[in-house]
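Asker: Input structure: protein-v2.tsv, which contains TSV, C-alpha atoms and all ligand atoms.
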chain	number	residue	atom	x	y	z
A	270	MET	CA	-11.24	-56.91	-69.80
A	271	GLU	CA	-13.29	-55.57	-66.94
A	272	LEU	CA	-17.07	-55.68	-67.48
A	273	ARG	CA	-18.05	-52.60	-65.55
A	274	GLY	CA	-21.67	-52.32	-64.47
A	275	LYS	CA	-21.92	-48.54	-64.61
A	276	ALA	CA	-21.86	-48.37	-68.42
A	277	VAL	CA	-24.69	-50.93	-68.56
A	278	ALA	CA	-26.71	-49.17	-65.87
A	279	ASP	CA	-26.26	-45.77	-67.57
A	280	ALA	CA	-27.46	-47.10	-70.94
A	281	HIS	CA	-30.60	-48.55	-69.33
A	282	LYS	CA	-31.19	-45.44	-67.21
A	283	ALA	CA	-31.10	-43.22	-70.32
A	284	VAL	CA	-34.03	-45.14	-71.85
A	285	LEU	CA	-35.92	-45.25	-68.55
A	286	ASN	CA	-35.44	-41.52	-67.93
A	287	GLU	CA	-37.36	-40.63	-71.08
A	288	ARG	CA	-40.33	-42.61	-69.76
A	289	LEU	CA	-40.03	-41.07	-66.30
A	290	VAL	CA	-39.99	-37.53	-67.69
A	291	ALA	CA	-43.39	-38.23	-69.27
A	292	LEU	CA	-44.73	-39.35	-65.88
A	293	GLU	CA	-43.24	-36.34	-64.10
A	294	SER	CA	-44.99	-33.99	-66.47
A	295	LYS	CA	-48.29	-35.60	-65.38
A	296	GLY	CA	-47.31	-35.22	-61.71
A	297	ILE	CA	-47.18	-39.00	-61.16
A	298	VAL	CA	-44.68	-40.27	-58.57
A	299	LEU	CA	-44.14	-44.01	-58.23
A	300	THR	CA	-43.36	-45.31	-54.73
A	301	LEU	CA	-41.11	-48.28	-53.97
A	302	GLY	CA	-41.59	-50.13	-50.68
A	303	ILE	CA	-38.36	-51.69	-49.35
A	304	LEU	CA	-38.71	-54.23	-46.57
A	305	LEU	CA	-35.58	-54.96	-44.55
A	306	VAL	CA	-35.85	-57.29	-41.56
A	307	GLY	CA	-32.74	-57.69	-39.42
A	308	ASP	CA	-29.17	-56.74	-40.16
A	309	ASP	CA	-27.82	-58.88	-43.02
A	310	LYS	CA	-24.93	-56.91	-44.49
A	311	ALA	CA	-25.62	-57.56	-48.21
A	312	ALA	CA	-29.33	-56.78	-47.71
A	313	GLN	CA	-28.54	-53.53	-45.88
A	314	MET	CA	-26.14	-52.56	-48.61
A	315	TYR	CA	-28.77	-53.20	-51.26
A	316	ALA	CA	-31.42	-51.26	-49.29
A	317	HIS	CA	-29.03	-48.31	-49.05
A	318	PHE	CA	-28.05	-48.25	-52.75
A	319	MET	CA	-31.60	-48.97	-53.88
A	320	GLU	CA	-32.98	-46.06	-51.87
A	321	LYS	CA	-30.32	-43.71	-53.23
A	322	THR	CA	-30.70	-44.85	-56.86
A	323	ALA	CA	-34.52	-44.76	-56.77
A	324	LYS	CA	-34.68	-41.28	-55.21
A	325	SER	CA	-32.17	-39.83	-57.65
A	326	ALA	CA	-34.26	-41.20	-60.54
A	327	GLY	CA	-37.37	-39.44	-59.17
A	328	PHE	CA	-39.10	-42.34	-57.37
A	329	ALA	CA	-40.41	-42.08	-53.81
A	330	VAL	CA	-39.12	-44.68	-51.33
A	331	ASP	CA	-40.81	-46.08	-48.23
A	332	LEU	CA	-38.14	-48.02	-46.31
A	333	ALA	CA	-39.43	-50.27	-43.52
A	334	HIS	CA	-36.57	-51.55	-41.36
A	335	LEU	CA	-37.83	-54.02	-38.76
A	336	PRO	CA	-35.66	-55.57	-36.03
A	337	ALA	CA	-34.34	-59.15	-36.39
A	338	SER	CA	-36.79	-60.13	-33.62
A	339	ALA	CA	-39.91	-59.01	-35.59
A	340	SER	CA	-42.77	-61.49	-35.69
A	341	PHE	CA	-44.31	-62.91	-38.89
A	342	ASP	CA	-47.50	-60.89	-38.26
A	343	GLU	CA	-45.58	-57.63	-37.88
A	344	VAL	CA	-43.80	-58.21	-41.19
A	345	VAL	CA	-46.99	-59.24	-43.01
A	346	GLN	CA	-48.70	-56.06	-41.80
A	347	VAL	CA	-46.14	-53.96	-43.70
A	348	ILE	CA	-46.65	-55.98	-46.89
A	349	GLU	CA	-50.44	-55.73	-46.61
A	350	ARG	CA	-50.31	-51.99	-46.03
A	351	TRP	CA	-48.31	-51.59	-49.26
A	352	ASN	CA	-50.65	-54.00	-51.11
A	353	LYS	CA	-53.51	-51.59	-50.35
A	354	THR	CA	-51.64	-48.32	-51.08
A	355	ASP	CA	-52.27	-47.22	-54.68
A	356	THR	CA	-49.15	-45.03	-54.95
A	357	VAL	CA	-46.91	-48.04	-54.11
A	358	TYR	CA	-46.16	-49.73	-57.42
A	359	GLY	CA	-43.38	-52.05	-56.32
A	360	VAL	CA	-42.42	-53.90	-53.14
A	361	LEU	CA	-38.96	-55.33	-52.50
A	362	PRO	CA	-38.77	-57.81	-49.60
A	363	LEU	CA	-35.04	-58.19	-48.95
A	364	MET	CA	-33.59	-61.64	-48.36
A	365	PRO	CA	-32.49	-63.28	-46.17
A	366	MET	CA	-35.26	-63.05	-43.57
A	367	PRO	CA	-34.58	-64.04	-39.92
A	368	PRO	CA	-35.31	-67.73	-39.15
A	369	GLN	CA	-38.68	-67.13	-37.41
A	370	ILE	CA	-40.08	-65.62	-40.62
A	371	ASP	CA	-41.46	-68.20	-43.05
A	372	ARG	CA	-40.04	-66.70	-46.25
A	373	ASP	CA	-42.30	-68.58	-48.66
A	374	ALA	CA	-45.48	-67.86	-46.70
A	375	LEU	CA	-44.54	-64.16	-46.51
A	376	ILE	CA	-43.84	-63.84	-50.23
A	377	GLU	CA	-47.22	-65.32	-51.14
A	378	ARG	CA	-48.92	-62.51	-49.18
A	379	LEU	CA	-47.44	-59.95	-51.58
A	380	ALA	CA	-49.72	-58.75	-54.42
A	381	PRO	CA	-48.15	-60.34	-57.55
A	382	GLU	CA	-48.59	-57.11	-59.56
A	383	LYS	CA	-46.31	-55.33	-57.02
A	384	ASP	CA	-43.80	-58.20	-56.82
A	385	ILE	CA	-41.08	-56.45	-58.82
A	386	ASP	CA	-38.32	-58.89	-57.81
A	387	GLY	CA	-40.26	-61.85	-59.24
A	388	LEU	CA	-40.46	-63.80	-55.97
A	389	THR	CA	-44.12	-64.98	-55.89
A	390	SER	CA	-45.06	-68.34	-57.41
A	391	LYS	CA	-47.41	-66.51	-59.79
A	392	ASN	CA	-44.57	-64.43	-61.23
A	393	ILE	CA	-42.17	-67.38	-61.36
A	394	GLY	CA	-44.80	-69.30	-63.35
A	395	LEU	CA	-45.66	-66.45	-65.71
A	396	ALA	CA	-42.03	-65.49	-66.39
A	397	SER	CA	-40.84	-69.09	-66.84
A	398	ALA	CA	-43.70	-69.79	-69.23
A	399	GLY	CA	-42.90	-66.66	-71.26
A	400	LYS	CA	-46.27	-65.11	-70.35
A	401	GLY	CA	-45.17	-61.81	-68.78
A	402	GLY	CA	-44.71	-61.37	-65.03
A	403	PHE	CA	-41.46	-60.12	-63.52
A	404	TRP	CA	-38.07	-61.82	-63.69
A	405	PRO	CA	-35.93	-61.22	-60.57
A	406	CYS	CA	-33.61	-58.22	-60.98
A	407	THR	CA	-30.22	-59.90	-60.42
A	408	PRO	CA	-30.62	-62.48	-63.22
A	409	ARG	CA	-31.83	-59.64	-65.43
A	410	ALA	CA	-28.69	-57.68	-64.50
A	411	CYS	CA	-26.45	-60.61	-65.52
A	412	MET	CA	-28.22	-60.83	-68.88
A	413	ALA	CA	-28.04	-57.06	-69.41
A	414	ILE	CA	-24.25	-57.13	-68.85
A	415	LEU	CA	-23.75	-60.01	-71.31
A	416	GLU	CA	-25.91	-58.23	-73.88
A	417	HIS	CA	-24.28	-54.82	-73.43
A	418	TYR	CA	-20.78	-56.23	-73.96
A	419	HIS	CA	-21.94	-58.32	-76.96
A	420	ILE	CA	-20.98	-61.67	-75.45
A	421	PRO	CA	-22.43	-64.43	-77.63
A	422	LEU	CA	-24.50	-67.07	-75.83
A	423	ALA	CA	-25.91	-69.42	-78.48
A	424	GLY	CA	-24.16	-72.80	-78.28
A	425	LYS	CA	-21.84	-71.66	-75.45
A	426	GLU	CA	-21.11	-73.78	-72.39
A	427	VAL	CA	-22.36	-71.82	-69.39
A	428	VAL	CA	-21.85	-72.95	-65.80
A	429	VAL	CA	-24.04	-71.33	-63.14
A	430	VAL	CA	-22.75	-71.89	-59.61
A	431	GLY	CA	-25.67	-71.59	-57.14
A	432	ARG	CA	-29.30	-72.64	-57.57
A	433	SER	CA	-31.27	-70.14	-55.46
A	434	GLN	CA	-34.73	-69.02	-56.49
A	435	VAL	CA	-33.58	-65.39	-56.71
A	436	VAL	CA	-30.38	-65.85	-58.77
A	437	GLY	CA	-29.13	-69.29	-59.90
A	438	LYS	CA	-32.34	-70.92	-61.16
A	439	PRO	CA	-33.84	-67.93	-63.02
A	440	VAL	CA	-30.52	-66.94	-64.63
A	441	ALA	CA	-30.17	-70.53	-65.92
A	442	LEU	CA	-33.61	-70.26	-67.55
A	443	LEU	CA	-32.81	-66.88	-69.12
A	444	LEU	CA	-29.53	-68.27	-70.53
A	445	LEU	CA	-31.38	-71.27	-71.92
A	446	GLU	CA	-33.79	-68.91	-73.71
A	447	LYS	CA	-30.70	-67.44	-75.42
A	448	HIS	CA	-29.69	-70.96	-76.56
A	449	ALA	CA	-26.73	-71.48	-74.22
A	450	THR	CA	-25.96	-75.00	-72.95
A	451	VAL	CA	-26.43	-74.54	-69.22
A	452	THR	CA	-25.09	-76.53	-66.26
A	453	LEU	CA	-26.25	-75.68	-62.73
A	454	CYS	CA	-23.77	-76.45	-59.93
A	455	HIS	CA	-24.43	-76.30	-56.18
A	456	SER	CA	-23.08	-77.40	-52.81
A	457	LYS	CA	-23.56	-81.10	-53.64
A	458	THR	CA	-21.79	-80.91	-57.01
A	459	ALA	CA	-19.10	-83.60	-56.96
A	460	ASP	CA	-16.35	-81.88	-58.92
A	461	LEU	CA	-16.93	-78.15	-59.40
A	462	THR	CA	-13.56	-77.57	-61.06
A	463	ALA	CA	-14.26	-80.19	-63.77
A	464	HIS	CA	-17.42	-78.26	-64.74
A	465	LEU	CA	-15.76	-74.84	-64.54
A	466	LYS	CA	-12.79	-75.97	-66.63
A	467	ARG	CA	-15.00	-76.42	-69.70
A	468	ALA	CA	-17.15	-73.30	-69.20
A	469	ASP	CA	-17.01	-70.49	-71.77
A	470	ILE	CA	-19.09	-68.38	-69.36
A	471	VAL	CA	-19.34	-68.69	-65.56
A	472	ILE	CA	-22.07	-67.11	-63.43
A	473	ALA	CA	-21.01	-67.24	-59.76
A	474	ALA	CA	-23.89	-66.87	-57.25
A	475	VAL	CA	-22.73	-68.71	-54.14
A	476	GLY	CA	-22.26	-66.16	-51.37
A	477	ARG	CA	-18.79	-67.34	-50.26
A	478	ALA	CA	-15.75	-65.12	-50.63
A	479	HIS	CA	-13.26	-66.34	-53.24
A	480	VAL	CA	-14.73	-69.85	-53.56
A	481	ILE	CA	-13.65	-69.80	-57.24
A	482	THR	CA	-10.00	-69.18	-58.06
A	483	GLY	CA	-8.16	-68.60	-61.34
A	484	ASP	CA	-6.79	-72.15	-61.53
A	485	MET	CA	-10.37	-73.52	-61.66
A	486	LEU	CA	-11.29	-71.54	-64.80
A	487	LYS	CA	-10.82	-72.11	-68.53
A	488	LYS	CA	-8.47	-69.73	-70.34
A	489	GLY	CA	-10.46	-66.86	-71.89
A	490	ALA	CA	-13.68	-67.54	-69.96
A	491	VAL	CA	-16.17	-64.73	-69.30
A	492	VAL	CA	-16.97	-64.46	-65.57
A	493	ILE	CA	-20.04	-62.76	-64.09
A	494	ASP	CA	-19.54	-62.54	-60.33
A	495	VAL	CA	-22.81	-62.02	-58.46
A	496	GLY	CA	-21.45	-62.62	-54.95
A	497	ILE	CA	-21.42	-59.85	-52.35
A	498	ASN	CA	-19.29	-61.03	-49.43
A	499	ASP	CA	-17.52	-59.44	-46.54
A	500	LEU	CA	-13.84	-60.40	-46.26
A	501	ASP	CA	-11.95	-58.68	-43.45
A	502	GLY	CA	-14.20	-55.63	-43.78
A	503	LYS	CA	-13.86	-55.48	-47.58
A	504	THR	CA	-16.64	-56.29	-50.07
A	505	VAL	CA	-15.50	-59.07	-52.42
A	506	GLY	CA	-17.13	-61.46	-54.87
A	507	ASP	CA	-17.32	-65.26	-55.05
A	508	VAL	CA	-14.40	-65.22	-57.50
A	509	ASP	CA	-10.85	-64.41	-56.46
A	510	TYR	CA	-10.46	-61.46	-58.81
A	511	GLU	CA	-6.66	-61.24	-58.61
A	512	SER	CA	-5.96	-64.87	-59.54
A	513	ALA	CA	-8.77	-64.93	-62.16
A	514	LEU	CA	-7.59	-61.82	-63.99
A	515	SER	CA	-4.66	-63.46	-65.80
A	516	VAL	CA	-6.82	-66.42	-66.91
A	517	VAL	CA	-10.17	-64.93	-67.94
A	518	GLY	CA	-11.14	-63.06	-71.10
A	519	ALA	CA	-13.48	-60.74	-69.18
A	520	ILE	CA	-14.79	-60.39	-65.62
A	521	THR	CA	-17.19	-58.23	-63.61
A	522	PRO	CA	-15.62	-56.47	-60.60
A	523	VAL	CA	-17.15	-56.48	-57.09
A	524	PRO	CA	-18.22	-53.84	-56.25
A	525	GLY	CA	-18.97	-52.07	-59.50
A	526	GLY	CA	-20.31	-55.06	-61.46
A	527	VAL	CA	-23.63	-56.92	-61.22
A	528	GLY	CA	-24.82	-55.05	-58.10
A	529	SER	CA	-24.72	-51.68	-59.79
A	530	VAL	CA	-26.96	-52.99	-62.60
A	531	THR	CA	-29.40	-54.83	-60.30
A	532	THR	CA	-30.61	-51.53	-58.84
A	533	THR	CA	-31.40	-50.18	-62.31
A	534	MET	CA	-33.27	-53.37	-63.27
A	535	LEU	CA	-35.49	-52.86	-60.23
A	536	LEU	CA	-36.37	-49.34	-61.41
A	537	GLU	CA	-37.29	-50.77	-64.82
A	538	ASN	CA	-39.54	-53.33	-63.15
A	539	ILE	CA	-41.33	-50.61	-61.11
A	540	TYR	CA	-42.00	-48.73	-64.31
A	541	GLU	CA	-43.29	-51.97	-65.88
A	542	ALA	CA	-45.59	-52.45	-62.88
A	543	TYR	CA	-46.97	-48.94	-63.40
A	544	HIS	CA	-47.39	-49.54	-67.12
A	545	ALA	CA	-49.14	-52.90	-66.62
A	546	ARG	CA	-51.60	-51.37	-64.12
A	547	ASN	CA	-52.44	-48.47	-66.41
A	548	VAL	CA	-52.81	-50.55	-69.56
A	549	ASP	CA	-55.21	-52.88	-67.74
A	550	CYS	CA	-57.57	-50.17	-66.48
A	601	LIG	N1	-25.00	-58.47	-56.94
A	601	LIG	C1	-26.30	-58.58	-56.74
A	601	LIG	O1	-27.08	-57.86	-57.29
A	601	LIG	C2	-26.80	-59.67	-55.84
A	601	LIG	C3	-25.91	-60.37	-55.09
A	601	LIG	N2	-26.34	-61.41	-54.33
A	601	LIG	C4	-25.28	-62.15	-53.65
A	601	LIG	O2	-25.09	-63.38	-54.38
A	601	LIG	C5	-24.73	-64.42	-53.50
A	601	LIG	C6	-25.70	-65.58	-53.67
A	601	LIG	O3	-26.99	-65.16	-53.25
A	601	LIG	P1	-28.23	-66.18	-53.17
A	601	LIG	O4	-28.40	-66.87	-54.46
A	601	LIG	O5	-29.34	-65.41	-52.60
A	601	LIG	O6	-27.63	-67.22	-52.06
A	601	LIG	P2	-28.21	-68.57	-51.45
A	601	LIG	O7	-27.49	-68.76	-50.17
A	601	LIG	O8	-29.69	-68.59	-51.49
A	601	LIG	O9	-27.69	-69.70	-52.50
A	601	LIG	C7	-26.34	-70.04	-52.60
A	601	LIG	C8	-26.17	-71.19	-53.56
A	601	LIG	O10	-24.78	-71.52	-53.62
A	601	LIG	C9	-24.62	-72.91	-53.46
A	601	LIG	N3	-23.35	-73.21	-52.80
A	601	LIG	C10	-22.99	-72.96	-51.51
A	601	LIG	N4	-21.73	-73.35	-51.28
A	601	LIG	C11	-21.26	-73.84	-52.43
A	601	LIG	C12	-20.01	-74.39	-52.84
A	601	LIG	N5	-18.98	-74.50	-52.00
A	601	LIG	N6	-19.88	-74.80	-54.12
A	601	LIG	C13	-20.91	-74.70	-55.00
A	601	LIG	N7	-22.11	-74.16	-54.68
A	601	LIG	C14	-22.28	-73.76	-53.41
A	601	LIG	C15	-25.81	-73.37	-52.64
A	601	LIG	O11	-26.04	-74.75	-52.87
A	601	LIG	P3	-27.28	-75.56	-52.21
A	601	LIG	O12	-28.49	-75.16	-53.00
A	601	LIG	O13	-26.91	-76.98	-52.41
A	601	LIG	O14	-27.34	-75.11	-50.79
A	601	LIG	C16	-26.92	-72.46	-53.18
A	601	LIG	O15	-27.54	-73.03	-54.30
A	601	LIG	C17	-24.70	-63.77	-52.12
A	601	LIG	O16	-23.37	-63.32	-51.90
A	601	LIG	C18	-25.61	-62.56	-52.26
A	601	LIG	O17	-25.31	-61.53	-51.35
A	601	LIG	C19	-27.63	-61.82	-54.29
A	601	LIG	C20	-28.57	-61.13	-55.00
A	601	LIG	C21	-28.22	-59.96	-55.77
A	602	LIG	N1	-35.14	-60.02	-52.78
A	602	LIG	C1	-33.83	-59.77	-52.87
A	602	LIG	N2	-33.30	-59.47	-54.09
A	602	LIG	C2	-31.98	-59.14	-54.21
A	602	LIG	O1	-31.52	-58.85	-55.33
A	602	LIG	C3	-31.14	-59.13	-53.03
A	602	LIG	C4	-31.74	-59.45	-51.80
A	602	LIG	N3	-33.07	-59.78	-51.75
A	602	LIG	N4	-31.01	-59.45	-50.66
A	602	LIG	C5	-29.62	-58.98	-50.63
A	602	LIG	C6	-28.92	-59.24	-51.95
A	602	LIG	C7	-27.67	-58.39	-52.14
A	602	LIG	N5	-27.97	-57.50	-53.24
A	602	LIG	C8	-27.21	-56.41	-53.66
A	602	LIG	C9	-27.52	-55.72	-54.84
A	602	LIG	C10	-26.81	-54.58	-55.22
A	602	LIG	C11	-25.77	-54.13	-54.47
A	602	LIG	C12	-25.03	-52.91	-54.93
A	602	LIG	O2	-25.58	-51.97	-55.42
A	602	LIG	N6	-23.74	-52.95	-54.84
A	602	LIG	C13	-22.86	-51.92	-55.35
A	602	LIG	C14	-21.95	-51.47	-54.22
A	602	LIG	C15	-21.18	-50.27	-54.55
A	602	LIG	C16	-20.24	-49.88	-53.41
A	602	LIG	O3	-20.03	-50.63	-52.44
A	602	LIG	O4	-19.71	-48.80	-53.55
A	602	LIG	C17	-22.00	-52.51	-56.45
A	602	LIG	O5	-21.91	-53.77	-56.51
A	602	LIG	O6	-21.45	-51.75	-57.20
A	602	LIG	C18	-25.43	-54.80	-53.30
A	602	LIG	C19	-26.14	-55.93	-52.91
A	602	LIG	C20	-29.22	-57.79	-53.70
A	602	LIG	N7	-29.80	-58.78	-53.05
Now that the file is in, can you turn its structure into structure tokens?
Ligand SMILES: NC(=O)C1=CN([C@@H]2O[C@H](COP(=O)(O)OP(=O)(O)OC[C@H]3O[C@@H](n4cnc5c(N)ncnc54)[C@H](OP(=O)(O)O)[C@@H]3O)[C@@H](O)[C@H]2O)C=CC1
Ligand SMILES: Nc1nc(=O)c2c([nH]1)NC[C@@H]1CN(c3ccc(C(=O)N[C@@H](CCC(=O)O)C(=O)O)cc3)C=[N+]21

Answerer:
Amino acid sequence: MELRGKAVADAHKAVLNERLVALESKGIVLTLGILLVGDDKAAQMYAHFMEKTAKSAGFAVDLAHLPASASFDEVVQVIERWNKTDTVYGVLPLMPMPPQIDRDALIERLAPEKDIDGLTSKNIGLASAGKGGFWPCTPRACMAILEHYHIPLAGKEVVVVGRSQVVGKPVALLLLEKHATVTLCHSKTADLTAHLKRADIVIAAVGRAHVITGDMLKKGAVVIDVGINDLDGKTVGDVDYESALSVVGAITPVPGGVGSVTTTMLLENIYEAYHARNVDC
């Protein structure tokens, strides 16, 4: 079975639209700031789809595309301008950043209440402790897909491949909250196949084309493929879809899977940022 993202995104958009209509009637337009530094292909792709999706849902978008040679100060200036602009409710700094930009230092300059991709240490702490804050959008997209297609998680063996702060680690915590037994694998994992072979559910967030093949998976496994990779000019996932298809019970396609839900999760988080600001004042 193919776990298509569009059905999940549409279901979430329908709920969000009702809330946005109420804002529109008050003449309130929420602005999203997208910060793209350099020319990473996956980041450019996301910026493009995010801008399109946000505008079609009625948000305003301020896209700042800086060259790969931009200095730390130039990039911080954009963040600080958005921090001070009331109509900007959410800021999305796209990763990866060029090497001269200290990613962690940059993120901490972002106002936590506008950090809608849950990157700041304040949001990581709040979300992990179950005290509000924003979870990053991609882990939320993985969970939304599993929920939409009624895939049970309690007591299941889940293997997450990749331990980044934006995907692997937070998705592991969200799965744990749903009572799955979670194993996190990474580049130093001794025997990836041994872990994958006993996984009921696999979340692949590596960033390498076809690093997981059908012969590494358990029969009937559910596979959520987060990877966005370029292979001979084609966008493919971390999982070799063709060889996995005859083994798995269900799998997300790339494109058309997790990525198409991530954009909708970001819109939900902007609305949450608006709501939080207006409940507080
Ligand atoms: N669909 C969507 O919405 C999104 C897609 N993406 C895509 O997901 C992918 C992952 O992104 P991100 O988490 O930011 O990437 P990172 O590069 O930050 O992390 C990759 C992780 O994969 C691990 N890894 C690398 N090689 C192997 C290997 N051979 N076997 C096992 N683990 C390995 C790394 O291990 P170690 O820690 O040891 O280095 C690391 O933990 C990318 O393709 C990205 O474009 C990202 C965000 C959203
Ligand atoms: N702070 C941060 N957060 C991220 O979540 C993040 C990031 N930085 N940097 C780059 C990666 C990559 N990424 C994508 C998300 C959606 C699509 C997307 O919408 N893809 C469509 C493509 C559709 C098509 O090609 O037609 C799909 O998968 O269906 C692509 C790529 C988010 N990332």

Asker: Have a look at atom CA of A:Pro362 and atom CA of A:Val344 and let me know their distance in Å, one decimal.

Answerer: 9.8 Å

Asker: In terms of the shortest atom-to-atom distance over all atoms listed in the file, which of A:Leu363, A:Ile376, A:Val284, A:Val330 is closest to ligand LIG 601 (chain A)?

Answerer: A:Leu363

Asker: Can you work out which one of A:Ala329, A:Ala398, A:Met534, A:Val430 has the shortest atom-to-atom distance to A:Ile481, counting only C-alpha atoms?

Answerer: A:Val430

Asker: Counting all atoms listed in the file, which residue out of A:Met485, A:Val475, A:Ala545, A:Leu415 sits closest to A:Ala513?

Answerer: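 The answer is A:Met485, which sits nearest to A:Ala513.
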
Asker: Kindly provide, as a PyMOL selection string, all nucleotide and amino acid residues lying within 6 Å of ligand LIG 602 (chain A), counting only C-alpha atoms and all ligand atoms.

Answerer: chain A and resi 311-312+314-315+318+362-364+407+523-529+531

Asker: For A:Ile493, work out the shell of residues within 10 Å, counting all atoms listed in the file and skipping chain neighbours fewer than 3 positions away, then give it as a PDB file with C-alpha atoms, in the frame of the given file.

Answerer:
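Just written: out.pdb:
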ATOM      1  CA  LEU A 272     -17.070 -55.680 -67.480  1.00  0.00           C
ATOM      2  CA  CYS A 411     -26.450 -60.610 -65.520  1.00  0.00           C
ATOM      3  CA  MET A 412     -28.220 -60.830 -68.880  1.00  0.00           C
ATOM      4  CA  ILE A 414     -24.250 -57.130 -68.850  1.00  0.00           C
ATOM      5  CA  LEU A 415     -23.750 -60.010 -71.310  1.00  0.00           C
ATOM      6  CA  VAL A 429     -24.040 -71.330 -63.140  1.00  0.00           C
ATOM      7  CA  ILE A 470     -19.090 -68.380 -69.360  1.00  0.00           C
ATOM      8  CA  VAL A 471     -19.340 -68.690 -65.560  1.00  0.00           C
ATOM      9  CA  ILE A 472     -22.070 -67.110 -63.430  1.00  0.00           C
ATOM     10  CA  ALA A 473     -21.010 -67.240 -59.760  1.00  0.00           C
ATOM     11  CA  ALA A 474     -23.890 -66.870 -57.250  1.00  0.00           C
ATOM     12  CA  ALA A 490     -13.680 -67.540 -69.960  1.00  0.00           C
ATOM     13  CA  GLY A 496     -21.450 -62.620 -54.950  1.00  0.00           C
ATOM     14  CA  GLY A 506     -17.130 -61.460 -54.870  1.00  0.00           C
ATOM     15  CA  ASP A 507     -17.320 -65.260 -55.050  1.00  0.00           C
ATOM     16  CA  VAL A 508     -14.400 -65.220 -57.500  1.00  0.00           C
ATOM     17  CA  ALA A 519     -13.480 -60.740 -69.180  1.00  0.00           C
ATOM     18  CA  ILE A 520     -14.790 -60.390 -65.620  1.00  0.00           C
ATOM     19  CA  THR A 521     -17.190 -58.230 -63.610  1.00  0.00           C
ATOM     20  CA  PRO A 522     -15.620 -56.470 -60.600  1.00  0.00           C
ATOM     21  CA  VAL A 523     -17.150 -56.480 -57.090  1.00  0.00           C
ATOM     22  CA  GLY A 526     -20.310 -55.060 -61.460  1.00  0.00           C
ATOM     23  CA  VAL A 527     -23.630 -56.920 -61.220  1.00  0.00           C
TER      24      VAL A 527
END

Asker: Compare A:Ile348, A:Leu500, A:Leu535, A:Leu443 by their minimum atom-to-atom distance to A:Leu304, counting all atoms listed in the file, and give me the closest one.

Answerer: A:Ile348

Asker: Can you list, as number ranges by chain, every protein, DNA or RNA residue that comes within 12 Å of A:Thr354 when you count only C-alpha atoms, leaving out same-chain residues fewer than 3 positions away?

Answerer: A: 299-302, 331, 347-351, 357-360, 380, 383

Asker: Given all atoms listed in the file as the basis, pick out the residue of A:Val491, A:Ala441, A:Thr452, A:Thr504 nearest to A:Arg477.

Answerer: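 Residue with the minimum atom-to-atom distance to A:Arg477: A:Thr504.
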
Asker: Looking at only C-alpha atoms and all ligand atoms, which of A:Leu453, A:Leu332, A:Ile393, A:Val436 is the one that sits closest to ligand LIG 601 (chain A)?

Answerer: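 Result for the nearest residue to ligand LIG 601 (chain A): A:Val436.
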
Asker: In Å, with one decimal, what is the gap from atom CA of A:Lys503 to atom CA of A:Gly476?

Answerer: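 The value is 14.1 Å.
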
Asker: Atom CA of A:Lys324 to atom CA of A:Thr532: how many Å, to one decimal?

Answerer: 11.6 Å

Asker: Need a file for stretch 351-361 of chain A from that block: N, CA and C atoms, written as a JSON list (two decimals), in the first residue's frame.

Answerer:
[["chain", "number", "residue", "atom", "x", "y", "z"],
["A", 351, "TRP", "N", 12.93, 40.23, 11.22],
["A", 351, "TRP", "CA", 11.68, 39.48, 11.37],
["A", 351, "TRP", "C", 11.27, 39.37, 12.85],
["A", 352, "ASN", "N", 12.26, 39.26, 13.74],
["A", 352, "ASN", "CA", 11.93, 39.22, 15.18],
["A", 352, "ASN", "C", 11.12, 40.45, 15.58],
["A", 353, "LYS", "N", 11.49, 41.60, 14.96],
["A", 353, "LYS", "CA", 10.88, 42.88, 15.36],
["A", 353, "LYS", "C", 9.60, 43.21, 14.58],
["A", 354, "THR", "N", 9.30, 42.43, 13.53],
["A", 354, "THR", "CA", 8.14, 42.77, 12.68],
["A", 354, "THR", "C", 6.90, 42.04, 13.19],
["A", 355, "ASP", "N", 5.92, 42.79, 13.67],
["A", 355, "ASP", "CA", 4.73, 42.18, 14.30],
["A", 355, "ASP", "C", 3.94, 41.26, 13.39],
["A", 356, "THR", "N", 3.87, 41.61, 12.07],
["A", 356, "THR", "CA", 3.06, 40.80, 11.15],
["A", 356, "THR", "C", 3.72, 39.45, 10.81],
["A", 357, "VAL", "N", 5.02, 39.31, 11.12],
["A", 357, "VAL", "CA", 5.70, 38.02, 10.90],
["A", 357, "VAL", "C", 5.43, 37.15, 12.13],
["A", 358, "TYR", "N", 4.73, 36.06, 11.90],
["A", 358, "TYR", "CA", 4.38, 35.16, 13.01],
["A", 358, "TYR", "C", 5.28, 33.93, 13.05],
["A", 359, "GLY", "N", 5.88, 33.59, 11.91],
["A", 359, "GLY", "CA", 6.75, 32.42, 11.89],
["A", 359, "GLY", "C", 7.97, 32.66, 11.02],
["A", 360, "VAL", "N", 9.11, 32.11, 11.45],
["A", 360, "VAL", "CA", 10.36, 32.22, 10.68],
["A", 360, "VAL", "C", 10.89, 30.80, 10.45],
["A", 361, "LEU", "N", 11.24, 30.52, 9.20],
["A", 361, "LEU", "CA", 11.78, 29.20, 8.85],
["A", 361, "LEU", "C", 13.21, 29.36, 8.31]]
